[in-house]
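What follows is input.cif (mmCIF, C-alpha atoms and all ligand atoms).
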```cif
data_target
loop_
_atom_site.label_atom_id
_atom_site.label_comp_id
_atom_site.auth_asym_id
_atom_site.auth_seq_id
_atom_site.Cartn_x
_atom_site.Cartn_y
_atom_site.Cartn_z
CA MET L 1 -4.86 -9.46 -7.95
CA PRO L 2 -8.58 -8.96 -8.81
CA THR L 3 -9.27 -6.03 -6.49
CA SER L 4 -6.12 -4.23 -7.63
CA GLU L 5 -7.06 -4.91 -11.23
CA ALA L 6 -10.50 -3.36 -10.70
CA LEU L 7 -8.99 -0.32 -8.96
CA TYR L 8 -6.49 0.11 -11.77
CA ALA L 9 -9.30 -0.01 -14.36
CA ARG L 10 -11.13 2.68 -12.36
CA ALA L 11 -7.97 4.79 -12.04
CA GLN L 12 -7.49 4.87 -15.80
CA HIS L 13 -10.59 7.06 -16.13
CA VAL L 14 -9.10 9.81 -13.97
CA LEU L 15 -5.30 9.40 -13.76
CA PRO L 16 -3.12 9.41 -16.89
CA ASN L 17 -2.09 5.80 -17.50
CA GLY L 18 -3.93 4.99 -14.27
CA ASP L 19 -1.16 6.24 -12.00
CA THR L 20 0.13 9.47 -10.57
CA ARG L 21 3.70 8.66 -9.56
CA SER L 22 6.07 7.23 -12.15
CA ALA L 23 8.81 6.05 -9.76
CA ARG L 24 6.65 3.34 -8.23
CA TRP L 25 5.22 2.09 -11.52
CA PHE L 26 5.77 -1.46 -12.73
CA ASP L 27 4.17 -3.50 -15.43
CA PRO L 28 1.27 -4.31 -15.84
CA TYR L 29 0.25 -2.13 -12.83
CA PRO L 30 1.30 -1.88 -9.21
CA PHE L 31 -0.96 -3.58 -6.70
CA TYR L 32 -2.90 -1.38 -4.27
CA VAL L 33 -2.06 -1.23 -0.58
CA GLU L 34 -4.58 -1.54 2.20
CA ARG L 35 -2.23 -0.98 5.13
CA GLY L 36 1.30 -1.34 6.41
CA ALA L 37 2.65 -2.47 9.78
CA GLY L 38 6.35 -2.53 10.59
CA SER L 39 8.21 -4.26 7.76
CA HIS L 40 5.07 -5.72 6.16
CA ILE L 41 2.34 -4.41 3.90
CA PHE L 42 -1.05 -5.89 3.10
CA SER L 43 -2.62 -5.49 -0.30
CA VAL L 44 -6.29 -4.89 -1.09
CA ASP L 45 -6.20 -8.39 -2.59
CA GLY L 46 -5.48 -9.89 0.82
CA ASP L 47 -1.77 -10.64 0.24
CA GLU L 48 1.01 -9.92 2.70
CA TYR L 49 4.43 -8.73 1.51
CA LEU L 50 7.77 -7.98 3.10
CA ASP L 51 8.24 -4.32 2.15
CA LEU L 52 11.85 -3.51 1.29
CA ALA L 53 10.92 -0.54 -0.90
CA ASN L 54 9.91 1.45 2.20
CA ASN L 55 8.54 4.20 -0.02
CA LEU L 56 11.89 4.44 -1.80
CA GLY L 57 13.95 5.02 1.30
CA VAL L 58 11.57 7.15 3.36
CA LEU L 59 10.45 4.68 6.03
CA ILE L 60 13.59 3.93 7.98
CA HIS L 61 11.49 2.45 10.82
CA GLY L 62 8.97 0.72 8.54
CA HIS L 63 5.23 1.41 8.61
CA ALA L 64 3.12 2.98 11.33
CA GLN L 65 5.90 3.13 13.91
CA PRO L 66 3.95 3.66 17.20
CA ASP L 67 5.81 6.81 18.38
CA VAL L 68 5.37 8.42 14.98
CA VAL L 69 1.68 7.52 14.91
CA ALA L 70 1.22 9.00 18.41
CA ALA L 71 3.01 12.23 17.44
CA VAL L 72 0.89 12.58 14.31
CA GLN L 73 -2.36 11.87 16.16
CA GLN L 74 -1.51 14.39 18.84
CA GLN L 75 -0.67 17.11 16.32
CA ALA L 76 -3.65 16.32 14.08
CA ALA L 77 -5.96 16.75 17.06
CA ALA L 78 -4.26 20.08 17.85
CA GLY L 79 -4.60 21.40 14.29
CA SER L 80 -2.87 20.41 11.09
CA CYS L 81 -1.47 23.69 9.73
CA PHE L 82 -1.39 27.37 10.53
CA ALA L 83 -0.24 30.61 8.95
CA LEU L 84 2.07 30.85 11.95
CA PRO L 85 5.11 28.89 13.11
CA THR L 86 5.02 26.09 15.69
CA GLU L 87 7.70 24.89 18.09
CA SER L 88 7.90 21.61 16.19
CA GLU L 89 9.93 23.18 13.36
CA ILE L 90 12.54 24.48 15.83
CA ALA L 91 12.81 21.06 17.47
CA LEU L 92 13.44 19.23 14.19
CA ALA L 93 15.92 21.87 13.00
CA GLU L 94 17.78 21.65 16.32
CA LEU L 95 17.95 17.87 16.05
CA LEU L 96 19.47 18.12 12.54
CA CYS L 97 21.96 20.83 13.51
CA GLU L 98 23.10 18.87 16.57
CA ARG L 99 23.84 15.82 14.45
CA VAL L 100 25.52 17.17 11.34
CA THR L 101 28.53 19.41 11.84
CA GLY L 102 27.96 21.54 8.75
CA PHE L 103 24.30 22.21 9.49
CA GLU L 104 24.10 25.65 11.09
CA ARG L 105 20.69 26.72 9.76
CA VAL L 106 17.79 24.79 8.21
CA ARG L 107 14.94 25.85 5.93
CA PHE L 108 12.08 23.41 5.53
CA ILE L 109 10.11 22.78 2.38
CA ASN L 110 7.85 19.97 1.19
CA THR L 111 9.84 17.63 -1.05
CA GLY L 112 13.39 16.67 -1.90
CA SER L 113 12.96 18.18 -5.38
CA GLU L 114 12.03 21.53 -3.86
CA ALA L 115 14.98 21.28 -1.49
CA VAL L 116 17.37 20.80 -4.42
CA ALA L 117 15.73 23.73 -6.23
CA LEU L 118 16.01 25.95 -3.17
CA ALA L 119 19.68 25.03 -2.64
CA ILE L 120 20.48 25.90 -6.26
CA LYS L 121 18.60 29.20 -6.04
CA ALA L 122 20.40 30.01 -2.80
CA ALA L 123 23.77 29.31 -4.48
CA ARG L 124 22.85 31.56 -7.41
CA ALA L 125 21.77 34.36 -5.08
CA HIS L 126 24.90 33.98 -2.97
CA THR L 127 27.38 33.93 -5.85
CA GLY L 128 25.57 36.12 -8.39
CA ARG L 129 26.27 33.38 -10.97
CA THR L 130 23.76 31.19 -12.78
CA LYS L 131 25.29 27.89 -13.96
CA ILE L 132 25.63 24.60 -12.10
CA VAL L 133 27.66 21.45 -12.58
CA LYS L 134 26.00 18.09 -11.97
CA LEU L 135 26.97 14.46 -12.45
CA GLU L 136 25.72 12.48 -15.41
CA GLY L 137 22.81 10.15 -14.63
CA VAL L 138 22.50 11.23 -11.03
CA TYR L 139 18.93 11.79 -9.87
CA HIS L 140 17.99 14.88 -7.87
CA GLY L 141 14.22 15.02 -8.37
CA SER L 142 12.23 17.07 -10.85
CA TYR L 143 13.56 20.66 -10.78
CA ASP L 144 14.28 21.58 -14.43
CA TYR L 145 17.99 22.28 -13.91
CA ALA L 146 18.63 19.35 -11.59
CA GLU L 147 17.02 16.77 -13.86
CA ILE L 148 19.30 17.43 -16.85
CA SER L 149 21.04 14.24 -18.06
CA ASN L 150 19.09 12.10 -15.60
CA TYR L 151 18.48 9.44 -18.22
CA SER L 152 20.97 10.20 -20.98
CA ASN L 153 21.93 7.20 -23.10
CA PRO L 154 24.73 6.12 -25.42
CA ASP L 155 22.93 7.71 -28.39
CA ASN L 156 22.86 11.19 -26.90
CA TRP L 157 25.40 11.42 -24.07
CA GLY L 158 28.41 12.33 -26.27
CA ASN L 159 32.09 11.52 -25.81
CA GLU L 160 32.42 14.06 -23.05
CA PRO L 161 29.07 14.31 -21.25
CA VAL L 162 26.70 16.88 -22.76
CA ALA L 163 23.57 18.31 -21.15
CA VAL L 164 20.67 16.13 -22.27
CA ALA L 165 17.05 17.17 -21.74
CA THR L 166 15.03 14.78 -19.62
CA VAL L 167 11.69 16.30 -20.58
CA PRO L 168 10.72 17.24 -24.16
CA GLY L 169 10.52 21.01 -24.53
CA THR L 170 13.19 21.80 -21.95
CA PRO L 171 14.25 25.39 -22.78
CA ASP L 172 17.71 25.88 -24.33
CA GLY L 173 18.48 28.27 -21.49
CA VAL L 174 18.16 25.43 -19.00
CA LEU L 175 20.41 23.15 -21.03
CA GLU L 176 23.00 25.91 -21.37
CA SER L 177 22.96 26.51 -17.63
CA VAL L 178 23.91 22.98 -16.65
CA LEU L 179 27.33 21.43 -17.20
CA VAL L 180 27.53 17.69 -16.87
CA THR L 181 30.50 15.66 -15.75
CA GLN L 182 31.18 12.07 -14.74
CA ALA L 183 31.32 10.80 -11.19
CA ASN L 184 34.79 9.98 -9.88
CA ASP L 185 36.68 11.53 -12.83
CA ILE L 186 38.87 14.19 -11.21
CA GLU L 187 40.54 15.29 -14.41
CA MET L 188 37.18 15.92 -16.14
CA LEU L 189 35.84 17.74 -13.08
CA GLU L 190 38.86 20.02 -13.00
CA ARG L 191 38.52 20.77 -16.71
CA VAL L 192 34.79 21.61 -16.48
CA ILE L 193 35.18 23.76 -13.39
CA CYS L 194 38.26 25.66 -14.55
CA ALA L 195 36.79 26.41 -17.99
CA ASN L 196 33.55 27.82 -16.51
CA ALA L 197 34.48 28.97 -13.01
CA SER L 198 33.38 32.60 -13.32
CA GLU L 199 29.84 31.52 -14.29
CA LEU L 200 29.40 28.68 -11.80
CA ALA L 201 27.13 29.08 -8.79
CA ALA L 202 27.30 25.52 -7.54
CA VAL L 203 28.39 21.95 -8.04
CA LEU L 204 25.57 19.57 -7.12
CA VAL L 205 26.42 15.98 -6.18
CA ASP L 206 24.86 13.06 -4.39
CA PRO L 207 27.76 11.78 -2.23
CA VAL L 208 26.55 8.18 -2.64
CA PRO L 209 24.98 8.23 -6.09
CA PRO L 210 22.68 5.23 -6.59
CA ARG L 211 23.17 5.16 -10.36
CA CYS L 212 26.94 5.16 -10.08
CA GLY L 213 27.23 1.94 -8.08
CA MET L 214 25.57 3.07 -4.84
CA ARG L 215 28.92 3.56 -3.15
CA PRO L 216 30.40 6.76 -1.74
CA LEU L 217 32.17 9.02 -4.23
CA HIS L 218 35.89 8.20 -4.08
CA ALA L 219 37.72 10.01 -1.29
CA ASP L 220 40.16 11.74 -3.66
CA TYR L 221 37.27 12.86 -5.87
CA LEU L 222 35.44 14.36 -2.87
CA ALA L 223 38.62 16.12 -1.80
CA ALA L 224 39.11 17.53 -5.31
CA LEU L 225 35.48 18.66 -5.41
CA ARG L 226 35.85 20.57 -2.18
CA ALA L 227 39.22 22.09 -3.07
CA LEU L 228 38.19 23.20 -6.58
CA THR L 229 34.86 24.69 -5.52
CA ARG L 230 36.49 26.56 -2.63
CA GLN L 231 39.29 27.82 -4.86
CA HIS L 232 36.80 29.30 -7.35
CA GLY L 233 34.17 30.61 -4.92
CA ILE L 234 31.62 28.03 -6.05
CA LEU L 235 29.19 26.51 -3.55
CA LEU L 236 29.27 22.77 -3.04
CA ILE L 237 25.77 21.30 -2.66
CA PHE L 238 25.27 17.76 -1.43
CA ASP L 239 22.00 16.01 -2.13
CA GLU L 240 21.49 13.86 0.96
CA VAL L 241 17.80 13.27 0.31
CA ILE L 242 18.66 9.57 0.48
CA ALA L 243 22.24 9.74 1.75
CA LEU L 244 21.42 11.18 5.17
CA ARG L 245 20.47 7.61 6.09
CA PHE L 246 24.09 6.49 5.88
CA GLY L 247 25.03 7.80 9.29
CA TYR L 248 24.11 9.75 12.39
CA GLY L 249 25.93 12.72 10.85
CA GLY L 250 24.74 11.83 7.34
CA ALA L 251 26.99 10.84 4.46
CA GLN L 252 29.11 13.95 5.03
CA GLY L 253 29.66 12.96 8.66
CA ARG L 254 30.91 9.58 7.52
CA TRP L 255 32.92 10.30 4.38
CA GLY L 256 33.53 14.05 4.57
CA GLY L 257 33.19 16.50 1.72
CA HIS L 258 32.14 19.51 3.84
CA PRO L 259 29.41 20.87 1.57
CA ASP L 260 28.19 24.44 1.95
CA LEU L 261 24.55 23.44 1.52
CA THR L 262 22.74 20.11 1.76
CA ALA L 263 19.36 19.16 0.34
CA LEU L 264 17.36 16.83 2.58
CA GLY L 265 14.07 14.94 2.36
CA LYS L 266 12.77 11.39 2.85
CA ILE L 267 13.71 10.16 6.36
CA ILE L 268 13.57 13.55 8.10
CA GLY L 269 9.77 13.69 7.73
CA GLY L 270 9.04 10.36 9.42
CA GLY L 271 6.85 9.26 6.50
CA TYR L 272 5.21 12.63 5.74
CA PRO L 273 6.00 14.98 2.83
CA VAL L 274 9.19 16.90 3.54
CA GLY L 275 12.28 18.61 2.20
CA ALA L 276 14.87 20.91 3.73
CA VAL L 277 18.04 22.80 2.94
CA ALA L 278 20.66 22.89 5.67
CA GLY L 279 24.07 24.46 5.75
CA ARG L 280 26.35 27.40 6.41
CA ALA L 281 24.79 30.12 8.53
CA ASP L 282 26.16 33.00 6.43
CA VAL L 283 24.76 31.61 3.17
CA MET L 284 21.46 30.57 4.71
CA GLU L 285 20.90 33.86 6.56
CA ALA L 286 21.69 35.97 3.51
CA THR L 287 19.65 33.93 1.05
CA ALA L 288 16.69 33.66 3.43
CA ARG L 289 16.30 37.39 2.82
CA SER L 290 16.69 37.25 -0.97
CA VAL L 291 15.28 33.85 -2.01
CA SER L 292 11.58 33.45 -1.42
CA SER L 293 10.52 30.11 0.02
CA SER L 294 7.04 30.28 1.41
CA GLY L 295 5.20 27.14 0.34
CA THR L 296 1.77 26.79 1.92
CA PHE L 297 2.68 23.57 3.70
CA THR L 298 6.26 24.44 4.60
CA ALA L 299 7.22 23.19 8.09
CA ASN L 300 3.83 21.59 8.42
CA PRO L 301 3.51 20.68 12.11
CA ILE L 302 2.32 17.14 11.42
CA THR L 303 5.40 16.49 9.30
CA MET L 304 7.68 18.23 11.80
CA SER L 305 6.28 16.17 14.71
CA ALA L 306 6.47 12.91 12.76
CA GLY L 307 10.00 13.73 11.64
CA PHE L 308 11.14 14.54 15.15
CA ALA L 309 9.60 11.35 16.58
CA SER L 310 11.17 9.24 13.86
CA MET L 311 14.61 10.86 13.84
CA SER L 312 14.82 10.81 17.64
CA GLN L 313 14.77 7.04 17.53
CA LEU L 314 17.69 6.91 15.12
CA THR L 315 20.62 6.70 17.50
CA PRO L 316 24.25 6.05 16.51
CA ALA L 317 23.56 2.41 17.49
CA SER L 318 20.63 2.26 15.02
CA PHE L 319 22.96 3.23 12.20
CA ASP L 320 25.49 0.58 13.29
CA GLU L 321 22.73 -2.03 13.31
CA LEU L 322 21.44 -0.97 9.90
CA ASP L 323 25.00 -1.12 8.54
CA ALA L 324 25.55 -4.57 10.02
CA MET L 325 22.25 -5.80 8.58
CA GLY L 326 23.19 -4.39 5.18
CA GLU L 327 26.58 -6.13 5.27
CA ARG L 328 25.05 -9.42 6.39
CA VAL L 329 22.31 -9.45 3.77
CA ARG L 330 24.60 -8.30 0.95
CA GLN L 331 27.07 -11.07 1.80
CA ALA L 332 24.31 -13.69 1.96
CA CYS L 333 22.91 -12.54 -1.41
CA THR L 334 26.41 -12.59 -2.90
CA ASP L 335 26.85 -16.17 -1.65
CA ILE L 336 23.53 -17.19 -3.24
CA ILE L 337 24.58 -15.62 -6.54
CA ALA L 338 27.85 -17.59 -6.40
CA GLN L 339 26.04 -20.84 -5.60
CA HIS L 340 23.93 -20.38 -8.74
CA GLY L 341 26.90 -19.24 -10.82
CA ALA L 342 24.70 -16.29 -11.91
CA ASP L 343 26.07 -13.32 -13.83
CA MET L 344 24.88 -10.87 -11.19
CA GLN L 345 26.22 -8.78 -8.33
CA VAL L 346 25.05 -6.90 -5.27
CA CYS L 347 26.13 -3.26 -4.98
CA GLY L 348 25.37 -1.00 -2.09
CA THR L 349 26.32 0.76 1.10
CA GLY L 350 24.89 0.74 4.61
CA SER L 351 21.17 0.00 4.55
CA ILE L 352 20.73 0.14 0.76
CA PHE L 353 21.66 -2.10 -2.12
CA SER L 354 20.77 -2.87 -5.72
CA ILE L 355 21.06 -6.00 -7.80
CA TYR L 356 22.93 -5.67 -11.10
CA PHE L 357 22.76 -8.27 -13.85
CA HIS L 358 26.41 -8.22 -14.83
CA GLN L 359 29.76 -8.28 -13.02
CA ARG L 360 31.50 -5.18 -14.34
CA GLU L 361 32.90 -2.60 -11.96
CA VAL L 362 30.50 0.34 -11.57
CA SER L 363 31.85 3.75 -10.60
CA ASP L 364 29.88 6.18 -12.79
CA TYR L 365 26.69 6.34 -14.83
CA ARG L 366 28.25 4.94 -18.00
CA SER L 367 29.48 1.80 -16.28
CA TYR L 368 26.10 1.56 -14.51
CA TYR L 369 24.04 2.04 -17.67
CA LYS L 370 21.91 -1.05 -18.28
CA THR L 371 21.85 -2.83 -21.63
CA PRO L 372 18.34 -3.79 -22.81
CA THR L 373 19.01 -7.35 -21.57
CA GLU L 374 20.08 -6.09 -18.14
CA ALA L 375 17.05 -3.78 -17.94
CA ALA L 376 14.73 -6.67 -18.80
CA ALA L 377 16.43 -8.88 -16.20
CA THR L 378 15.92 -6.14 -13.57
CA THR L 379 12.20 -5.97 -14.33
CA ALA L 380 11.88 -9.76 -14.28
CA PHE L 381 13.78 -10.00 -11.00
CA HIS L 382 11.57 -7.39 -9.35
CA ARG L 383 8.57 -9.44 -10.44
CA ALA L 384 10.07 -12.73 -9.28
CA MET L 385 10.72 -11.24 -5.84
CA LEU L 386 7.11 -10.04 -5.71
CA GLN L 387 5.94 -13.52 -6.59
CA ASN L 388 7.88 -14.65 -3.54
CA GLY L 389 6.24 -12.00 -1.41
CA VAL L 390 8.99 -9.37 -1.30
CA LEU L 391 8.53 -5.83 -2.58
CA LEU L 392 11.71 -4.16 -3.84
CA ALA L 393 11.94 -0.76 -5.51
CA PRO L 394 11.38 -1.30 -9.26
CA THR L 395 15.13 -0.87 -9.92
CA ALA L 396 15.67 -4.08 -7.87
CA THR L 397 16.80 -1.94 -4.96
CA VAL L 398 16.44 -2.76 -1.27
CA PHE L 399 15.98 -0.10 1.43
CA LEU L 400 16.35 -1.80 4.80
CA SER L 401 14.60 -0.46 7.88
CA THR L 402 14.98 -0.90 11.63
CA ALA L 403 11.69 -2.85 11.51
CA VAL L 404 13.29 -5.75 9.59
CA THR L 405 13.51 -8.83 11.84
CA SER L 406 15.68 -11.94 11.52
CA ALA L 407 12.57 -13.78 10.24
CA ASP L 408 12.26 -11.08 7.56
CA GLU L 409 15.92 -11.54 6.62
CA ALA L 410 15.29 -15.26 6.20
CA TRP L 411 12.22 -14.51 4.06
CA LEU L 412 14.27 -12.11 1.93
CA LEU L 413 17.02 -14.68 1.37
CA ASP L 414 14.56 -17.47 0.47
CA ALA L 415 12.86 -15.16 -2.02
CA PHE L 416 16.24 -14.05 -3.35
CA ASN L 417 17.33 -17.64 -3.84
CA ALA L 418 14.12 -18.44 -5.76
CA ALA L 419 14.37 -15.27 -7.88
CA VAL L 420 18.02 -15.98 -8.79
CA GLN L 421 16.99 -19.51 -9.81
CA THR L 422 14.24 -18.04 -12.01
CA HIS L 423 16.78 -15.66 -13.55
CA VAL L 424 19.26 -18.45 -14.24
CA ASN L 425 16.55 -20.64 -15.78
CA ALA L 426 15.48 -17.79 -18.06
CA ALA L 427 19.01 -16.86 -19.16
C1 LIG E 501 18.83 11.74 -4.25
C2 LIG E 501 17.46 12.34 -4.43
N1 LIG E 501 17.33 13.65 -4.54
C3 LIG E 501 16.12 14.24 -4.67
C4 LIG E 501 14.98 13.48 -4.74
C5 LIG E 501 13.64 14.14 -4.89
O1 LIG E 501 12.90 14.04 -3.73
P1 LIG E 501 11.30 14.09 -3.80
O2 LIG E 501 10.84 12.84 -4.48
O3 LIG E 501 10.87 14.18 -2.36
O4 LIG E 501 10.94 15.32 -4.57
C6 LIG E 501 15.06 12.08 -4.64
C7 LIG E 501 13.86 11.24 -4.70
O5 LIG E 501 13.89 10.05 -4.81
C8 LIG E 501 16.34 11.50 -4.49
O6 LIG E 501 16.48 10.16 -4.40
#
```

Could you render the structure as structure tokens?
Ligand SMILES: Cc1ncc(COP(=O)(O)O)c(C=O)c1O
Amino acid sequence: MPTSEALYARAQHVLPNGDTRSARWFDPYPFYVERGAGSHIFSVDGDEYLDLANNLGVLIHGHAQPDVVAAVQQQAAAGSCFALPTESEIALAELLCERVTGFERVRFINTGSEAVALAIKAARAHTGRTKIVKLEGVYHGSYDYAEISNYSNPDNWGNEPVAVATVPGTPDGVLESVLVTQANDIEMLERVICANASELAAVLVDPVPPRCGMRPLHADYLAALRALTRQHGILLIFDEVIALRFGYGGAQGRWGGHPDLTALGKIIGGGYPVGAVAGRADVMEATARSVSSSGTFTANPITMSAGFASMSQLTPASFDELDAMGERVRQACTDIIAQHGADMQVCGTGSIFSIYFHQREVSDYRSYYKTPTEAAATTAFHRAMLQNGVLLAPTATVFLSTAVTSADEAWLLDAFNAAVQTHVNAA
């Protein structure tokens, strides 16, 4: 990758470690992209790849979808941002409220991290309490409180989960304000909530947490979450920054849970920077008056237009097709693993899945947590897929899109077969 190598050398003079976004990093350096079209991307080195990273779940229609491009071009020519509202923000909010039963009001912002932060602040303002509960190892972006225990490990996570700083220098006050519990453990949830109820503003969960097996939280756990939070006047916040892609009515439309507030991002911006909080009218109306949210680029009309164009094309049938594709590909990958007798498994839901290098049951972060050997196998597998022309997210995760064709599926399975063979040979 000579051109990428030269760009990376140049980047090191101006970007720390030569990069500016850790989630897309892989060793020795990521290659540089020239352009994307549909399900494919083309590197500056002249190579073509099947892109199944899709900017970590953003691009549900793949790259440069024509209607999205047209909407962006039209808005760009009409002006990119104003210190005044545009109709485009109403249209996207209406679309979201029509689809998801619990969405009565929406506030836009620029990223999923900001959406999580705004939802937590809204819950604090609404309840007059400060603490939150979150699940161990579950990622919600980079807000100080939400990133506690993102990457805790067996040396620091304790018998019962303790709040572990993700960033050195995290203030004690932040650590004391976050209580950590394990996904799908009702008894632990009940204990944590009941012991701290009078101080709790919110429980924050991802209803399909990727680092807990990438499957929906168990139905009885979701029911307990809703009942306990309601009983104690605590707001339930769902993070559907990724999970909205699991259904026309989002994850909550499919598996329930009835959150008070939901943080959104990724797909709702059609490929442009976005975040939003959606939820109960009473909470949203009241906190809109007390919680400031006035980012310079909030409800940017280019993002709003792109999001509307992209989301409009996601019909109930699109979700059925994405689900069917996910099922088909997961089954085919599982069959390949069995043919090779590899100690691996495919875990996922709907249009997303990850490859794990073991066969244990995963239902929370501790059962997900990768041994050094499993982590090394993940990195090697990501690389082997790249060598076969397929870009996965660095965690060996696939985000399918409506742009994936049957030829792409065949390409994916050929690459998968070769990468599993490489893994078996190395083991
Ligand atoms: C579940 C979840 N929540 C929040 C975020 C943060 O969103 P953003 O990267 O737009 O700040 C992410 C990002 O990957 C996410 O996956």

Box in all listed atoms of ligand LIG 501 (chain E), axis-aligned, with 4 Å more on each side; write out centre and edge lengths in Å to one decimal as JSON.
```
{"center_x": 14.8, "center_y": 12.7, "center_z": -3.6, "size_x": 16.0, "size_y": 13.3, "size_z": 10.5}
```

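Selecting all polymer residues at most 6 Å from ligand LIG 501 (chain E), using all atoms listed in the file, gives Thr111, Gly112, Ser113, Tyr139, His140, Gly141, Asp239, Val241, Ile242 and Gly265 of chain L.
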
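Using all atoms listed in the file, the smallest distance between any of L:Gly36, L:Gly62, L:Gly137, L:Pro154 and Thr166 of chain L comes from L:Gly137.
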
Name the closest residue to Leu50 of chain L among the candidates L:Cys347, L:Leu413, L:Ile336, L:Ile302; distances are taken between atoms, counting only C-alpha atoms.
L:Leu413

In Å, with one decimal, what is the gap from atom CA of Leu118 of chain L to atom CA of Val277 of chain L?
7.2 Å

(10.5, 15.0, -22.9) in this file's frame - what residues fall within 12 Å of it? Use only C-alpha atoms and give the answer as a list in words.
Asp144, Glu147, Ile148, Ser149, Asn150, Tyr151, Ser152, Val164, Ala165, Thr166, Val167, Pro168, Gly169, Thr170 and Pro171 of chain L

Kindly give the distance, in Å, that separates atom CA of Ala183 of chain L and atom CA of Ser367 of chain L, rounded to a single decimal.
10.5 Å

Given the point (25.1, 18.2, -18.4) in the coordinates of this file, which residues lie within 8 Å, counting all atoms listed in the file, and how would they look as a tab-separated table (two decimals) with C-alpha atoms, in the frame of the given file?
```tsv
chain	number	residue	atom	x	y	z
L	133	VAL	CA	27.66	21.45	-12.58
L	134	LYS	CA	26.00	18.09	-11.97
L	135	LEU	CA	26.97	14.46	-12.45
L	136	GLU	CA	25.72	12.48	-15.41
L	148	ILE	CA	19.30	17.43	-16.85
L	149	SER	CA	21.04	14.24	-18.06
L	161	PRO	CA	29.07	14.31	-21.25
L	162	VAL	CA	26.70	16.88	-22.76
L	163	ALA	CA	23.57	18.31	-21.15
L	164	VAL	CA	20.67	16.13	-22.27
L	175	LEU	CA	20.41	23.15	-21.03
L	178	VAL	CA	23.91	22.98	-16.65
L	179	LEU	CA	27.33	21.43	-17.20
L	180	VAL	CA	27.53	17.69	-16.87
L	181	THR	CA	30.50	15.66	-15.75
```

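With atom CA of Asn388 of chain L on one side and atom CA of Ala415 of chain L on the other, the separation reads 5.2 Å.
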
Could you add whatever atoms are missing so that segment 255-259 of chain L carries all heavy atoms, then write the result as a PDB file, keeping the file's coordinate frame?
```
ATOM      1  N   TRP L 255      31.864  10.306   5.406  1.00  0.00           N
ATOM      2  CA  TRP L 255      32.920  10.300   4.380  1.00  0.00           C
ATOM      3  C   TRP L 255      33.494  11.682   4.090  1.00  0.00           C
ATOM      4  O   TRP L 255      34.339  11.828   3.229  1.00  0.00           O
ATOM      5  CB  TRP L 255      32.385   9.684   3.081  1.00  0.00           C
ATOM      6  CG  TRP L 255      32.019   8.246   3.246  1.00  0.00           C
ATOM      7  CD1 TRP L 255      32.884   7.201   3.443  1.00  0.00           C
ATOM      8  CD2 TRP L 255      30.695   7.681   3.272  1.00  0.00           C
ATOM      9  NE1 TRP L 255      32.181   6.018   3.580  1.00  0.00           N
ATOM     10  CE2 TRP L 255      30.830   6.284   3.480  1.00  0.00           C
ATOM     11  CE3 TRP L 255      29.412   8.200   3.144  1.00  0.00           C
ATOM     12  CZ2 TRP L 255      29.741   5.419   3.555  1.00  0.00           C
ATOM     13  CZ3 TRP L 255      28.325   7.357   3.217  1.00  0.00           C
ATOM     14  CH2 TRP L 255      28.487   5.980   3.422  1.00  0.00           C
ATOM     15  N   GLY L 256      32.991  12.702   4.765  1.00  0.00           N
ATOM     16  CA  GLY L 256      33.530  14.050   4.570  1.00  0.00           C
ATOM     17  C   GLY L 256      32.937  14.736   3.350  1.00  0.00           C
ATOM     18  O   GLY L 256      31.873  14.368   2.860  1.00  0.00           O
ATOM     19  N   GLY L 257      33.640  15.744   2.883  1.00  0.00           N
ATOM     20  CA  GLY L 257      33.190  16.500   1.720  1.00  0.00           C
ATOM     21  C   GLY L 257      32.850  17.931   2.068  1.00  0.00           C
ATOM     22  O   GLY L 257      32.952  18.813   1.243  1.00  0.00           O
ATOM     23  N   HIS L 258      32.407  18.160   3.322  1.00  0.00           N
ATOM     24  CA  HIS L 258      32.140  19.510   3.840  1.00  0.00           C
ATOM     25  C   HIS L 258      31.378  20.405   2.878  1.00  0.00           C
ATOM     26  O   HIS L 258      31.851  21.471   2.494  1.00  0.00           O
ATOM     27  CB  HIS L 258      33.466  20.178   4.246  1.00  0.00           C
ATOM     28  CG  HIS L 258      34.287  19.324   5.158  1.00  0.00           C
ATOM     29  ND1 HIS L 258      33.936  19.088   6.468  1.00  0.00           N
ATOM     30  CD2 HIS L 258      35.410  18.597   4.925  1.00  0.00           C
ATOM     31  CE1 HIS L 258      34.822  18.272   7.011  1.00  0.00           C
ATOM     32  NE2 HIS L 258      35.726  17.951   6.110  1.00  0.00           N
ATOM     33  N   PRO L 259      30.173  20.017   2.481  1.00  0.00           N
ATOM     34  CA  PRO L 259      29.410  20.870   1.570  1.00  0.00           C
ATOM     35  C   PRO L 259      28.986  22.182   2.249  1.00  0.00           C
ATOM     36  O   PRO L 259      28.913  22.251   3.476  1.00  0.00           O
ATOM     37  CB  PRO L 259      28.171  20.019   1.261  1.00  0.00           C
ATOM     38  CG  PRO L 259      28.009  19.149   2.459  1.00  0.00           C
ATOM     39  CD  PRO L 259      29.408  18.840   2.915  1.00  0.00           C
TER      40      PRO L 259
END
```
